[in-house]
>>> print(open('query-v1.tsv').read())   # TSV, C-alpha atoms and all ligand atoms
chain	number	residue	atom	x	y	z
J	1	MET	CA	5.26	16.29	-10.12
J	2	GLN	CA	6.98	15.62	-13.42
J	3	VAL	CA	6.20	12.37	-15.24
J	4	LEU	CA	9.06	10.36	-16.83
J	5	SER	CA	8.92	7.35	-19.14
J	6	PRO	CA	10.65	4.30	-17.65
J	7	SER	CA	13.81	4.15	-19.78
J	8	ASP	CA	16.98	3.02	-17.99
J	9	GLU	CA	18.40	6.56	-18.30
J	10	ASN	CA	15.29	8.06	-16.71
J	11	ILE	CA	15.27	5.49	-13.91
J	12	ALA	CA	18.96	6.25	-13.25
J	13	LEU	CA	18.18	9.97	-13.21
J	14	ALA	CA	15.25	9.44	-10.84
J	15	ALA	CA	17.47	7.26	-8.62
J	16	SER	CA	20.08	10.00	-8.29
J	17	PHE	CA	17.40	12.57	-7.43
J	18	LEU	CA	16.00	10.13	-4.89
J	19	ARG	CA	19.40	9.60	-3.28
J	20	ASP	CA	19.89	13.36	-3.13
J	21	GLY	CA	16.64	13.97	-1.23
J	22	SER	CA	13.92	14.42	-3.87
J	23	LEU	CA	10.57	12.66	-3.82
J	24	VAL	CA	10.19	10.05	-6.58
J	25	ALA	CA	6.96	8.15	-7.20
J	26	PHE	CA	7.31	4.73	-8.83
J	27	PRO	CA	5.20	1.71	-9.73
J	28	THR	CA	5.33	-1.50	-7.72
J	29	GLU	CA	3.44	-4.75	-8.27
J	30	THR	CA	0.86	-3.50	-5.72
J	31	VAL	CA	0.30	0.27	-6.04
J	32	TYR	CA	2.47	3.32	-6.78
J	33	GLY	CA	4.78	4.33	-3.94
J	34	LEU	CA	5.99	7.84	-3.10
J	35	GLY	CA	9.66	7.24	-2.40
J	36	ALA	CA	12.24	9.12	-0.34
J	37	ASN	CA	15.74	8.25	0.83
J	38	ALA	CA	15.19	6.55	4.21
J	39	ASN	CA	18.52	7.93	5.50
J	40	ASP	CA	17.57	11.52	4.83
J	41	GLY	CA	15.47	13.12	7.55
J	42	ARG	CA	14.64	16.19	5.48
J	43	ALA	CA	13.42	14.08	2.58
J	44	ILE	CA	11.28	12.00	4.94
J	45	ALA	CA	9.84	15.14	6.54
J	46	ARG	CA	8.94	16.40	3.05
J	47	LEU	CA	7.30	13.06	2.31
J	48	TYR	CA	5.02	13.21	5.39
J	49	GLU	CA	4.21	16.80	4.53
J	50	ALA	CA	3.37	16.04	0.87
J	51	LYS	CA	1.09	13.17	1.84
J	52	GLY	CA	-0.47	15.05	4.73
J	53	ARG	CA	0.30	11.94	6.74
J	54	PRO	CA	0.38	11.97	10.55
J	55	ARG	CA	3.95	11.41	11.71
J	56	PHE	CA	2.97	8.63	14.11
J	57	ASN	CA	2.21	6.38	11.12
J	58	PRO	CA	5.48	4.65	10.10
J	59	LEU	CA	6.62	4.08	6.52
J	60	ILE	CA	7.59	0.85	4.75
J	61	VAL	CA	11.27	0.64	3.79
J	62	HIS	CA	11.87	-0.87	0.34
J	63	VAL	CA	15.13	-2.65	-0.42
J	64	ALA	CA	16.38	-4.70	-3.35
J	65	ASP	CA	16.94	-8.03	-1.60
J	66	ARG	CA	16.82	-10.00	1.64
J	67	GLU	CA	20.51	-9.44	2.40
J	68	HIS	CA	19.93	-5.70	2.51
J	69	ALA	CA	16.74	-6.19	4.55
J	70	GLU	CA	18.69	-8.19	7.14
J	71	ARG	CA	21.04	-5.25	7.69
J	72	LEU	CA	18.07	-3.15	8.78
J	73	GLY	CA	15.79	-5.62	10.56
J	74	VAL	CA	16.29	-8.61	12.86
J	75	PHE	CA	15.10	-11.76	11.07
J	76	ASP	CA	14.10	-14.82	13.07
J	77	ASP	CA	13.29	-18.20	11.47
J	78	ARG	CA	9.71	-17.17	10.70
J	79	ALA	CA	10.83	-13.95	8.99
J	80	ARG	CA	13.43	-15.86	6.94
J	81	LEU	CA	10.85	-18.43	5.90
J	82	LEU	CA	8.36	-15.81	4.70
J	83	ALA	CA	11.04	-13.71	3.01
J	84	GLU	CA	12.34	-16.74	1.16
J	85	GLN	CA	8.88	-17.77	0.03
J	86	PHE	CA	7.30	-14.41	-0.85
J	87	TRP	CA	10.11	-11.95	-1.70
J	88	PRO	CA	10.34	-10.28	-4.04
J	89	GLY	CA	6.60	-9.67	-3.82
J	90	PRO	CA	3.65	-8.02	-2.05
J	91	LEU	CA	4.62	-8.85	1.54
J	92	THR	CA	5.83	-6.41	4.21
J	93	LEU	CA	7.49	-7.83	7.31
J	94	VAL	CA	7.48	-5.78	10.51
J	95	VAL	CA	10.50	-6.94	12.51
J	96	PRO	CA	12.69	-5.48	15.28
J	97	LEU	CA	14.92	-2.68	14.03
J	98	VAL	CA	18.65	-3.47	14.04
J	99	GLU	CA	20.30	-1.20	16.58
J	100	GLY	CA	22.08	1.65	14.81
J	101	ALA	CA	20.52	0.77	11.44
J	102	PRO	CA	20.92	3.66	8.98
J	103	ILE	CA	17.22	4.54	8.95
J	104	ASN	CA	15.99	7.95	10.01
J	105	SER	CA	13.77	7.62	13.09
J	106	LEU	CA	10.97	9.55	11.35
J	107	VAL	CA	10.61	6.55	9.02
J	108	THR	CA	9.71	4.20	11.86
J	109	ALA	CA	7.81	6.93	13.72
J	110	GLY	CA	10.21	6.32	16.60
J	111	LEU	CA	9.16	2.64	17.00
J	112	ASP	CA	11.76	-0.06	17.64
J	113	THR	CA	10.39	-2.07	14.70
J	114	VAL	CA	10.66	-1.54	10.96
J	115	GLY	CA	8.42	-2.53	8.05
J	116	LEU	CA	10.53	-4.03	5.23
J	117	ARG	CA	9.55	-5.01	1.72
J	118	VAL	CA	11.37	-6.25	-1.40
J	119	PRO	CA	9.13	-5.35	-4.37
J	120	SER	CA	9.16	-7.48	-7.52
J	121	HIS	CA	8.18	-4.81	-10.06
J	122	PRO	CA	11.14	-4.39	-12.44
J	123	ILE	CA	11.00	-0.58	-12.34
J	124	ALA	CA	10.90	-0.53	-8.53
J	125	GLN	CA	13.79	-3.01	-8.44
J	126	LYS	CA	15.92	-0.92	-10.79
J	127	LEU	CA	15.17	2.34	-9.03
J	128	ILE	CA	16.14	0.91	-5.63
J	129	GLN	CA	19.30	-0.73	-7.00
J	130	PHE	CA	20.41	2.40	-8.86
J	131	SER	CA	19.75	4.61	-5.82
J	132	ARG	CA	21.84	2.40	-3.49
J	133	VAL	CA	19.79	3.59	-0.51
J	134	PRO	CA	16.83	2.10	1.38
J	135	VAL	CA	13.68	3.74	0.02
J	136	ALA	CA	10.84	4.71	2.34
J	137	ALA	CA	7.66	4.62	0.29
J	138	PRO	CA	4.05	4.85	1.39
J	139	SER	CA	1.35	4.54	-1.22
J	140	ALA	CA	1.54	7.64	-3.45
J	141	ASN	CA	-1.84	9.12	-2.50
J	142	ARG	CA	-2.75	12.01	-0.24
J	143	SER	CA	-3.38	10.66	3.24
J	144	GLY	CA	-6.81	9.09	3.63
J	145	ARG	CA	-7.46	8.85	-0.13
J	146	VAL	CA	-7.66	5.91	-2.48
J	147	SER	CA	-4.27	4.36	-3.32
J	148	PRO	CA	-2.95	5.02	-6.85
J	149	THR	CA	-2.58	2.32	-9.47
J	150	THR	CA	-1.55	4.61	-12.38
J	151	ALA	CA	0.87	7.52	-12.81
J	152	GLU	CA	-2.14	9.75	-13.60
J	153	HIS	CA	-3.64	9.02	-10.18
J	154	VAL	CA	-0.34	10.07	-8.57
J	155	ALA	CA	-0.04	13.24	-10.66
J	156	GLY	CA	-3.63	14.19	-9.75
J	157	ASP	CA	-3.03	13.81	-6.01
J	158	PHE	CA	0.28	15.73	-5.98
J	159	GLU	CA	-0.24	18.51	-8.51
J	160	ASN	CA	1.70	21.11	-6.56
J	161	VAL	CA	4.44	18.91	-5.14
J	162	LYS	CA	8.02	18.96	-6.44
J	163	GLY	CA	9.35	15.61	-7.59
J	164	LEU	CA	9.34	12.93	-10.27
J	165	ILE	CA	6.96	10.14	-11.24
J	166	VAL	CA	8.33	7.16	-13.15
J	167	ASN	CA	5.42	6.06	-15.32
J	168	GLY	CA	5.20	2.28	-15.46
J	169	GLY	CA	1.56	2.08	-16.54
J	170	ARG	CA	-0.96	0.23	-14.45
J	171	CYS	CA	0.13	-1.71	-11.36
J	172	PRO	CA	-0.67	-5.38	-11.88
J	173	GLY	CA	-1.78	-6.29	-8.33
J	174	GLY	CA	-3.80	-3.26	-7.32
J	175	LEU	CA	-3.92	-3.92	-3.55
J	176	GLU	CA	-1.16	-2.94	-1.14
J	177	SER	CA	1.16	-5.53	0.36
J	178	THR	CA	0.09	-7.81	3.17
J	179	VAL	CA	1.73	-6.53	6.39
J	180	VAL	CA	2.78	-9.26	8.84
J	181	GLY	CA	4.06	-8.40	12.32
J	182	LEU	CA	6.87	-10.64	13.56
J	183	ALA	CA	8.19	-8.54	16.42
J	184	GLY	CA	6.33	-10.44	19.17
J	185	ASP	CA	5.53	-14.05	20.04
J	186	ALA	CA	2.46	-14.50	17.86
J	187	PRO	CA	2.61	-13.57	14.17
J	188	LEU	CA	0.12	-10.79	13.45
J	189	LEU	CA	-1.82	-9.90	10.33
J	190	LEU	CA	-1.39	-6.12	10.55
J	191	ARG	CA	-2.95	-5.47	7.14
J	192	PRO	CA	-4.52	-7.94	4.69
J	193	GLY	CA	-3.18	-7.38	1.18
J	194	GLY	CA	-1.80	-8.83	-2.02
J	195	ILE	CA	-0.85	-12.19	-0.53
J	196	PRO	CA	-3.85	-13.97	0.98
J	197	ARG	CA	-3.73	-14.90	4.68
J	198	ASP	CA	-4.01	-18.64	4.07
J	199	GLU	CA	-0.86	-18.74	1.90
J	200	ILE	CA	1.12	-17.13	4.72
J	201	GLU	CA	-0.44	-19.36	7.39
J	202	THR	CA	0.38	-22.46	5.35
J	203	GLU	CA	3.99	-21.37	5.06
J	204	LEU	CA	4.26	-20.53	8.79
J	205	GLY	CA	2.35	-23.61	9.90
J	206	GLU	CA	0.37	-21.48	12.36
J	207	PRO	CA	-2.49	-18.99	12.24
J	208	LEU	CA	-1.97	-15.24	11.94
J	209	HIS	CA	-3.49	-13.36	14.85
J	210	GLN	CA	-5.44	-10.11	14.80
J	211	PRO	CA	-3.56	-7.18	16.35
J	212	GLU	CA	-5.04	-6.05	19.63
J	213	HIS	CA	-7.30	-3.12	18.99
J	214	LYS	CA	-6.25	-0.14	21.05
J	215	PRO	CA	-7.87	2.92	19.49
J	216	ASP	CA	-5.14	5.26	20.78
J	217	ALA	CA	-2.17	3.10	19.87
J	218	PRO	CA	-3.02	0.86	16.95
J	219	ALA	CA	-0.58	-2.04	16.44
J	220	SER	CA	-0.16	-0.90	12.86
J	221	PRO	CA	-0.83	2.79	13.04
J	222	GLY	CA	-1.99	2.79	9.42
J	223	MET	CA	-5.00	0.76	10.43
J	224	LEU	CA	-7.07	3.82	11.22
J	225	THR	CA	-10.67	3.30	10.36
J	226	SER	CA	-11.27	5.75	7.56
J	227	HIS	CA	-8.88	5.32	4.72
J	228	TYR	CA	-9.11	4.72	1.02
J	229	ALA	CA	-11.94	7.19	1.02
J	230	PRO	CA	-13.47	8.45	-2.20
J	231	ARG	CA	-15.37	11.72	-2.01
J	232	ALA	CA	-18.71	9.95	-2.37
J	233	ARG	CA	-20.24	7.87	0.41
J	234	VAL	CA	-19.86	4.13	0.00
J	235	ARG	CA	-22.62	1.59	0.75
J	236	LEU	CA	-21.57	-2.05	1.04
J	237	ASN	CA	-23.30	-5.33	0.20
J	238	ALA	CA	-25.69	-3.68	-2.24
J	239	GLN	CA	-27.75	-5.88	-4.56
J	240	GLN	CA	-28.93	-2.94	-6.64
J	241	ALA	CA	-28.60	0.84	-6.87
J	242	ARG	CA	-31.08	3.02	-4.97
J	243	PRO	CA	-32.05	6.43	-6.37
J	244	GLY	CA	-28.99	8.75	-6.37
J	245	GLU	CA	-26.55	5.84	-6.23
J	246	VAL	CA	-24.14	4.40	-8.78
J	247	LEU	CA	-23.51	0.66	-8.64
J	248	LEU	CA	-20.08	-0.97	-8.60
J	249	GLY	CA	-20.74	-4.59	-9.52
J	250	PHE	CA	-19.03	-7.91	-8.97
J	251	GLY	CA	-19.69	-11.21	-10.71
J	252	PRO	CA	-21.88	-12.49	-13.54
J	253	ASP	CA	-25.20	-11.63	-11.84
J	254	ALA	CA	-24.67	-7.87	-11.57
J	255	PRO	CA	-27.90	-6.00	-12.47
J	256	PRO	CA	-28.18	-3.91	-15.66
J	257	GLU	CA	-27.69	-0.56	-13.89
J	258	THR	CA	-24.12	-1.59	-12.97
J	259	ILE	CA	-21.71	1.17	-14.06
J	260	LEU	CA	-18.48	-0.80	-13.68
J	261	ASN	CA	-17.98	-4.46	-12.77
J	262	LEU	CA	-14.91	-5.34	-10.68
J	263	SER	CA	-14.89	-8.75	-12.34
J	264	GLU	CA	-17.67	-10.10	-14.51
J	265	ARG	CA	-16.35	-13.61	-14.06
J	266	GLY	CA	-16.22	-13.17	-10.30
J	267	ASP	CA	-12.43	-13.41	-10.18
J	268	LEU	CA	-10.86	-11.90	-7.05
J	269	THR	CA	-7.45	-11.27	-8.63
J	270	GLU	CA	-9.08	-9.26	-11.40
J	271	ALA	CA	-11.27	-7.45	-8.86
J	272	SER	CA	-8.18	-6.52	-6.79
J	273	ALA	CA	-6.45	-5.03	-9.82
J	274	ASN	CA	-9.55	-2.98	-10.68
J	275	LEU	CA	-10.66	-1.89	-7.20
J	276	PHE	CA	-8.86	1.44	-6.62
J	277	GLY	CA	-9.05	2.61	-10.24
J	278	TYR	CA	-12.78	1.88	-10.36
J	279	LEU	CA	-13.43	3.64	-7.05
J	280	ARG	CA	-11.64	6.70	-8.41
J	281	ALA	CA	-13.55	6.48	-11.71
J	282	MET	CA	-16.93	6.06	-9.97
J	283	ASP	CA	-16.10	9.07	-7.81
J	284	THR	CA	-15.97	11.25	-10.92
J	285	CYS	CA	-19.66	10.40	-11.57
J	286	ARG	CA	-20.42	12.90	-8.77
J	287	ALA	CA	-23.10	10.62	-7.40
J	288	ASP	CA	-23.73	10.96	-3.69
J	289	THR	CA	-23.17	7.31	-2.99
J	290	ILE	CA	-21.27	4.44	-4.57
J	291	ALA	CA	-23.12	1.19	-3.84
J	292	VAL	CA	-20.90	-1.89	-3.99
J	293	MET	CA	-22.06	-5.47	-4.49
J	294	PRO	CA	-20.89	-8.10	-1.97
J	295	ILE	CA	-17.45	-9.65	-2.43
J	296	PRO	CA	-16.75	-13.14	-1.02
J	297	ASN	CA	-14.48	-12.90	2.01
J	298	GLU	CA	-12.00	-15.57	0.95
J	299	GLY	CA	-8.48	-15.33	-0.47
J	300	LEU	CA	-7.86	-11.80	-1.78
J	301	GLY	CA	-11.48	-11.01	-0.87
J	302	GLU	CA	-10.38	-10.37	2.73
J	303	ALA	CA	-8.15	-7.48	1.61
J	304	ILE	CA	-10.75	-6.15	-0.86
J	305	ASN	CA	-13.39	-6.14	1.90
J	306	ASP	CA	-10.95	-4.48	4.29
J	307	ARG	CA	-10.39	-1.60	1.83
J	308	LEU	CA	-14.11	-1.32	1.06
J	309	ALA	CA	-14.97	-1.19	4.77
J	310	ARG	CA	-12.46	1.65	5.18
J	311	ALA	CA	-13.84	3.46	2.15
J	312	ALA	CA	-17.31	3.19	3.72
J	313	ALA	CA	-16.22	4.33	7.20
J	314	PRO	CA	-16.74	7.89	8.44
J	315	LYS	CA	-13.93	10.10	7.14
J	316	ARG	CA	-10.89	10.75	9.28
J	317	ASN	CA	-7.22	11.24	8.50
J	318	GLY	CA	-5.33	8.02	7.76
J	319	GLY	CA	-2.31	7.32	5.60
U	401	LIG	O1	2.10	-2.28	-1.25
U	401	LIG	C1	2.51	-1.50	-0.37
U	401	LIG	O2	2.76	-1.86	0.78
U	401	LIG	C2	2.73	-0.03	-0.79
U	401	LIG	C3	3.82	0.00	-1.84
U	401	LIG	C4	4.19	1.39	-2.24
U	401	LIG	O3	4.94	-0.72	-1.39
U	401	LIG	N1	3.03	0.78	0.34
U	401	LIG	C5	2.13	1.09	1.29
U	401	LIG	O4	2.60	1.91	2.29
U	401	LIG	O5	0.99	0.68	1.28
U	401	LIG	P1	1.66	2.68	3.33
U	401	LIG	O6	2.56	3.61	4.04
U	401	LIG	O7	0.51	3.27	2.63
U	401	LIG	O8	1.23	1.57	4.35
U	401	LIG	C6	2.17	1.05	5.25
U	401	LIG	C7	1.48	0.25	6.34
U	401	LIG	C8	0.75	1.16	7.28
U	401	LIG	O9	-0.44	0.51	7.68
U	401	LIG	C9	1.76	1.29	8.44
U	401	LIG	O10	1.13	1.62	9.64
U	401	LIG	C10	2.35	-0.11	8.46
U	401	LIG	O11	2.48	-0.45	7.09
U	401	LIG	N2	3.68	-0.11	9.07
U	401	LIG	C11	4.85	0.34	8.57
U	401	LIG	N3	5.85	0.21	9.46
U	401	LIG	C12	5.31	-0.36	10.57
U	401	LIG	C13	5.82	-0.73	11.85
U	401	LIG	N4	7.09	-0.56	12.19
U	401	LIG	N5	4.95	-1.28	12.73
U	401	LIG	C14	3.66	-1.46	12.41
U	401	LIG	N6	3.11	-1.12	11.22
U	401	LIG	C15	3.92	-0.57	10.32
U	402	MG	MG	-1.42	3.97	2.09
>>> encode(input="query-v1.tsv", output="structure tokens")
Amino acid sequence: MQVLSPSDENIALAASFLRDGSLVAFPTETVYGLGANANDGRAIARLYEAKGRPRFNPLIVHVADREHAERLGVFDDRARLLAEQFWPGPLTLVVPLVEGAPINSLVTAGLDTVGLRVPSHPIAQKLIQFSRVPVAAPSANRSGRVSPTTAEHVAGDFENVKGLIVNGGRCPGGLESTVVGLAGDAPLLLRPGGIPRDEIETELGEPLHQPEHKPDAPASPGMLTSHYAPRARVRLNAQQARPGEVLLGFGPDAPPETILNLSERGDLTEASANLFGYLRAMDTCRADTIAVMPIPNEGLGEAINDRLARAAAPKRNGG
């Protein structure tokens, strides 16, 4: 893919390529997305193919504002409340698809729901506005690999793919959006992410429920076990490195053999921003195993631990 600097002219150019069916990777406040025109079935087919993503795993549709989102999805009071509070930002709402909405059915993997997100990153905002189409964009990594937080990560994963990358430097958040399911009676936490569960529960005034776990038909098909997988094995809750391991630390008490520390001050926001980049960097050490110190399971820690558990799980194809 060809890397562009994020001038307005380049973003406009990328937007016109995007509208015309090309793949365009772009930064968001969470991770880089690999975008395609959600109306264009051929572009979406190319997107699944480039990622190596199974076609039963639906894509998030990115739009510039809530008004546009409401033309594609059915918003009830809960959806409106969350959209008002957290958009633009790292929240994806899965809501019923508006009948006849101009979204190719490959995007939703044939489901009658759609995942919608309004990103806050200024480059993502401009690209979507200039393109004047809804933009389907999964994380810009090959399926099952660690999500990208820099343009270099994207370029490395898609060396032989045709398309453009708008280089916006490092993504500030570093963890994908929180995915909330609002298509049924109980609100579901389909994927923990950049907005902690408790902030959403406070806004809703009720708890988020776990999706029912049906191995053959996951509620959020992206929730396959192995995902975010570096090449090395990953061992969790490590206090120190064993022979043949490299240690990814967290907090002020990390031992001296620590190679990288997610956050020396034990800050979960900083750890989120560093997580995927550090996993990729540690993977280049060619050690057999990356040992990771424990991360508290509160706030953003829930999403960090979710990604680490997936990185540690036996490898399988994800998204
Ligand atoms: O932060 C993010 O969300 C990034 C940036 C690029 O926006 N995107 C991202 O997309 O992480 P992706 O495709 O890697 O993850 C999308 C997740 C998957 O777990 C997918 O199964 C779920 O959202 N999803 C999308 N549409 C859905 C639907 N209709 N029903 C249930 N889950 C859905
Ligand atoms: Mg992904």
>>> atom_distance(input="query-v1.tsv", atom1="CA of Pro134 (chain J)", atom2="CA of Ile60 (chain J)")
9.9 Å
>>> residues_around(input="query-v1.tsv", residues="region 152-155 of chain J", least_positions_apart="3", cutoff="7 Å", atoms="all atoms listed in the file", output="list in words")
Met1, Ala140, Asn141, Pro148, Thr149, Phe158 and Glu159 of chain J
>>> write_last_selection(input="query-v1.tsv", atoms="C-alpha atoms", output="PDB file, in the coordinates of the input")
ATOM      1  CA  MET J   1       5.260  16.290 -10.120  1.00  0.00           C
ATOM      2  CA  ALA J 140       1.540   7.640  -3.450  1.00  0.00           C
ATOM      3  CA  ASN J 141      -1.840   9.120  -2.500  1.00  0.00           C
ATOM      4  CA  PRO J 148      -2.950   5.020  -6.850  1.00  0.00           C
ATOM      5  CA  THR J 149      -2.580   2.320  -9.470  1.00  0.00           C
ATOM      6  CA  PHE J 158       0.280  15.730  -5.980  1.00  0.00           C
ATOM      7  CA  GLU J 159      -0.240  18.510  -8.510  1.00  0.00           C
TER       8      GLU J 159
END
>>> closest_residue(input="query-v1.tsv", among="J:Leu189, J:Cys171, J:Leu308, J:Leu247", to="Glu212 (chain J)", atoms="only C-alpha atoms")
J:Leu189
>>> residues_around(input="query-v1.tsv", residues="region 104-112 of chain J", least_positions_apart="5", cutoff="10 Å", atoms="all atoms listed in the file", output="VMD selection string")
chain J and resid 36 to 45 47 to 48 54 to 61 73 95 to 99 135 to 137 183 221
>>> closest_atom_pairs(input="query-v1.tsv", of="chain J", to="ligand MG 402 (chain U)", cutoff="7 Å", atoms="only C-alpha atoms and all ligand atoms", output="JSON lines")
{"residue": "J:Pro138", "atom": "CA", "partner": "U:MG402", "partner_atom": "MG", "distance": 5.6}
{"residue": "J:Ser139", "atom": "CA", "partner": "U:MG402", "partner_atom": "MG", "distance": 4.4}
{"residue": "J:Asn141", "atom": "CA", "partner": "U:MG402", "partner_atom": "MG", "distance": 6.9}
{"residue": "J:Ser147", "atom": "CA", "partner": "U:MG402", "partner_atom": "MG", "distance": 6.1}
{"residue": "J:Gly319", "atom": "CA", "partner": "U:MG402", "partner_atom": "MG", "distance": 4.9}
>>> closest_residue(input="query-v1.tsv", among="J:Ser5, J:Asn167, J:Ser143, J:Ser177", to="ligand LIG 401 (chain U)", atoms="only C-alpha atoms and all ligand atoms")
J:Ser177
>>> residues_near_point(input="query-v1.tsv", point="(6.6, -11.0, 15.1)", cutoff="9 Å", atoms="all atoms listed in the file", output="list in words")
Asp76, Arg78, Ala79, Leu93, Val94, Val95, Pro96, Val180, Gly181, Leu182, Ala183, Gly184, Asp185, Ala186, Pro187 and Leu188 of chain J
>>> closest_residue(input="query-v1.tsv", among="J:His209, J:Arg142, J:His68, J:Arg19", to="ligand LIG 401 (chain U)", atoms="all atoms listed in the file")
J:Arg142
>>> decode(input="query-v1.tsv", residues="region 133-148 of chain J", atoms="N, CA and C atoms", output="PDB file, in the first residue's frame")
ATOM      1  N   VAL J 133     -19.571   8.738   1.667  1.00  0.00           N
ATOM      2  CA  VAL J 133     -20.171   7.404   1.726  1.00  0.00           C
ATOM      3  C   VAL J 133     -19.905   6.814   3.114  1.00  0.00           C
ATOM      4  N   PRO J 134     -20.765   5.865   3.548  1.00  0.00           N
ATOM      5  CA  PRO J 134     -20.450   5.142   4.785  1.00  0.00           C
ATOM      6  C   PRO J 134     -19.216   4.272   4.549  1.00  0.00           C
ATOM      7  N   VAL J 135     -18.323   4.231   5.517  1.00  0.00           N
ATOM      8  CA  VAL J 135     -17.035   3.553   5.328  1.00  0.00           C
ATOM      9  C   VAL J 135     -16.953   2.325   6.228  1.00  0.00           C
ATOM     10  N   ALA J 136     -16.937   1.156   5.606  1.00  0.00           N
ATOM     11  CA  ALA J 136     -16.729  -0.078   6.367  1.00  0.00           C
ATOM     12  C   ALA J 136     -15.247  -0.185   6.669  1.00  0.00           C
ATOM     13  N   ALA J 137     -14.901  -0.360   7.941  1.00  0.00           N
ATOM     14  CA  ALA J 137     -13.478  -0.418   8.278  1.00  0.00           C
ATOM     15  C   ALA J 137     -13.219  -1.313   9.479  1.00  0.00           C
ATOM     16  N   PRO J 138     -12.673  -2.493   9.226  1.00  0.00           N
ATOM     17  CA  PRO J 138     -12.141  -3.297  10.319  1.00  0.00           C
ATOM     18  C   PRO J 138     -10.760  -2.767  10.678  1.00  0.00           C
ATOM     19  N   SER J 139     -10.216  -3.231  11.773  1.00  0.00           N
ATOM     20  CA  SER J 139      -8.838  -2.876  12.096  1.00  0.00           C
ATOM     21  C   SER J 139      -7.938  -3.308  10.936  1.00  0.00           C
ATOM     22  N   ALA J 140      -6.916  -2.469  10.632  1.00  0.00           N
ATOM     23  CA  ALA J 140      -6.116  -2.673   9.418  1.00  0.00           C
ATOM     24  C   ALA J 140      -4.954  -3.641   9.650  1.00  0.00           C
ATOM     25  N   ASN J 141      -5.301  -4.837  10.143  1.00  0.00           N
ATOM     26  CA  ASN J 141      -4.313  -5.897  10.322  1.00  0.00           C
ATOM     27  C   ASN J 141      -4.794  -7.111   9.561  1.00  0.00           C
ATOM     28  N   ARG J 142      -3.871  -8.012   9.212  1.00  0.00           N
ATOM     29  CA  ARG J 142      -4.300  -9.300   8.670  1.00  0.00           C
ATOM     30  C   ARG J 142      -5.103 -10.021   9.748  1.00  0.00           C
ATOM     31  N   SER J 143      -6.115 -10.749   9.335  1.00  0.00           N
ATOM     32  CA  SER J 143      -7.002 -11.424  10.274  1.00  0.00           C
ATOM     33  C   SER J 143      -6.216 -12.246  11.292  1.00  0.00           C
ATOM     34  N   GLY J 144      -6.597 -12.091  12.561  1.00  0.00           N
ATOM     35  CA  GLY J 144      -5.956 -12.880  13.613  1.00  0.00           C
ATOM     36  C   GLY J 144      -4.675 -12.274  14.144  1.00  0.00           C
ATOM     37  N   ARG J 145      -4.212 -11.146  13.567  1.00  0.00           N
ATOM     38  CA  ARG J 145      -2.958 -10.559  14.035  1.00  0.00           C
ATOM     39  C   ARG J 145      -3.237  -9.337  14.903  1.00  0.00           C
ATOM     40  N   VAL J 146      -2.155  -8.823  15.485  1.00  0.00           N
ATOM     41  CA  VAL J 146      -2.290  -7.697  16.399  1.00  0.00           C
ATOM     42  C   VAL J 146      -2.761  -6.448  15.636  1.00  0.00           C
ATOM     43  N   SER J 147      -3.700  -5.696  16.212  1.00  0.00           N
ATOM     44  CA  SER J 147      -4.209  -4.495  15.543  1.00  0.00           C
ATOM     45  C   SER J 147      -3.112  -3.435  15.419  1.00  0.00           C
ATOM     46  N   PRO J 148      -3.183  -2.612  14.355  1.00  0.00           N
ATOM     47  CA  PRO J 148      -2.127  -1.639  14.068  1.00  0.00           C
ATOM     48  C   PRO J 148      -2.388  -0.281  14.719  1.00  0.00           C
TER      49      PRO J 148
END
